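Since the structure comes first, as structure tokens, the remarks are kept for the end.
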Amino acid sequence: MTVMDITTNTSGVTMTDSSTMGIKTVLHPVSDLAKAKPVYTALLGVAPMADAPYYVGYEAEGQQIGLVPGGDMTSPVAYWHVADIEAKLSEVTAAGATLKESPHDVGAGRLVATFADPDGNILGLIQDPSAAS
């Protein structure tokens, strides 16, 4: 039996048994990475685990906090970790969400995608290679 074999219909929305693993990643847009990095380092109390001109990432108490300079992000985006990104995107778009960014590999097999809820809030999904089995 696969995840797609188990479905539930609630209020007209069909859901598979593919629940999320919770919000584990939040990306914050920053205009000046050099100024933002010391603030987040002080807040989180840990040094960055990734420190590049295009991304600074922290691991703090099981949370991944990322700083993303430039780009088109206008507010922080919370990312739910899922085992099957395609299945979850199918569910949320069937329920009324709008796909913003199709799943794509951001390195080491990690897939990310974003969608908007009916009010325009941007939400994200992450599938790590270890989750896809």
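Scheme for the structure tokens: letters A, B, ... for chains in order shown; per-chain residue numbers from 1; ligand numbers from 1 in order shown.
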Open item on the list: Applying 10 Å and only C-alpha atoms, which residues near Tyr40 in chain A remain after dropping the ones on its own chain fewer than 5 positions away? List them as number ranges by chain.
Closed with: A: 35, 45-48, 56-58, 65-67
Check your understanding: Could you pull out all residues of range 5-132 of chain A with a DSSP call of alpha helix (DSSP H) and give them as number ranges by chain?
Key -> A: 33-44, 85-94
Within 6 Å of Gln127 in chain A, counting only C-alpha atoms, which residues show up once you throw out same-chain ones fewer than 6 positions away? Write them as JSON, numbers by chain, please.
{"A": [81, 82, 83, 85, 110, 111]}
List every residue of range 51-117 of chain A that DSSP, applied to the backbone, labels as strand (DSSP E), and write the result as an MDAnalysis selection string. chainID A and resid 51:52 55:60 63:69 77:81 98:105 111:116
Restricting to only C-alpha atoms, whichever of A:Met21, A:Ser102, A:Ile122, A:Val26 is closest to Ala60 in chain A is A:Val26
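Picture a line from CA of Ala95 in chain A to CA of Lys24 in chain A; it runs 23.0 Å.
Taking only C-alpha atoms into account, Glu91 in chain A lies nearest to A:Phe115 out of the set A:Phe115, A:Thr25, A:Glu59, A:Pro76.
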From CA of Glu61 in chain A to CA of Pro38 in chain A the spacing works out at 18.5 Å
Identify, on the basis of only C-alpha atoms, every residue whose closest approach to Ala97 in chain A does not exceed 8 Å; exclude the query and any residue fewer than 4 positions from it along the same chain; express the result as a short mmCIF file (atom, residue, chain, number, x, y, z; two decimals) with N, CA and C atoms, in the first residue's frame.
```cif
data_model
loop_
_atom_site.label_atom_id
_atom_site.label_comp_id
_atom_site.auth_asym_id
_atom_site.auth_seq_id
_atom_site.Cartn_x
_atom_site.Cartn_y
_atom_site.Cartn_z
N VAL A 92 -2.94 20.29 -1.63
CA VAL A 92 -3.22 21.69 -1.29
C VAL A 92 -3.76 22.47 -2.49
N THR A 93 -3.30 22.16 -3.70
CA THR A 93 -3.84 22.87 -4.86
C THR A 93 -5.28 22.41 -5.14
N PHE A 115 3.62 27.66 -2.38
CA PHE A 115 2.26 27.87 -2.86
C PHE A 115 1.63 28.98 -2.03
N ALA A 116 0.54 29.52 -2.55
CA ALA A 116 -0.18 30.57 -1.83
C ALA A 116 -1.53 30.04 -1.37
N ASP A 117 -1.90 30.42 -0.15
CA ASP A 117 -3.24 30.07 0.33
C ASP A 117 -4.23 31.04 -0.31
N PRO A 118 -5.54 30.87 -0.09
CA PRO A 118 -6.52 31.75 -0.74
C PRO A 118 -6.36 33.24 -0.41
#
```
request  = List the neighbours of Asp72 in chain A out to 12 Å using only C-alpha atoms; skip same-chain residues closer than 3 positions along the sequence, and give me the result as a ChimeraX atom specification.
outcome  = /A:28-31,68-69,75-77,100-101,122
Could the residues in this selection be written to a file with C-alpha atoms, as a JSON list (two decimals), in the first residue's frame?
```
[["chain", "number", "residue", "atom", "x", "y", "z"],
["A", 28, "HIS", "CA", 13.76, 35.34, 6.28],
["A", 29, "PRO", "CA", 14.39, 37.87, 3.50],
["A", 30, "VAL", "CA", 17.12, 40.37, 4.36],
["A", 31, "SER", "CA", 18.33, 43.45, 2.54],
["A", 68, "VAL", "CA", 18.07, 35.05, 2.12],
["A", 69, "PRO", "CA", 19.41, 38.32, 0.65],
["A", 75, "SER", "CA", 8.14, 38.27, 4.30],
["A", 76, "PRO", "CA", 9.36, 35.17, 6.13],
["A", 77, "VAL", "CA", 8.22, 31.85, 4.66],
["A", 100, "LYS", "CA", 3.92, 29.65, -6.86],
["A", 101, "GLU", "CA", 7.17, 27.73, -7.30],
["A", 122, "ILE", "CA", 3.11, 32.14, 0.80]]
```
Among A:Ala113, A:Ala108, A:Ala42, A:Leu27, Pro129 in chain A is approached most closely, using only C-alpha atoms, by A:Ala108
**Message:** Let me make sure I understand: among A:Ala94, A:Thr74, A:His104, A:Gln64, which one has the smallest atom-to-atom distance to Ala50 in chain A if we use only C-alpha atoms?
**Reply:**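 Between A:Ala94, A:Thr74, A:His104, A:Gln64, the residue approaching Ala50 in chain A most closely is A:Gln64.
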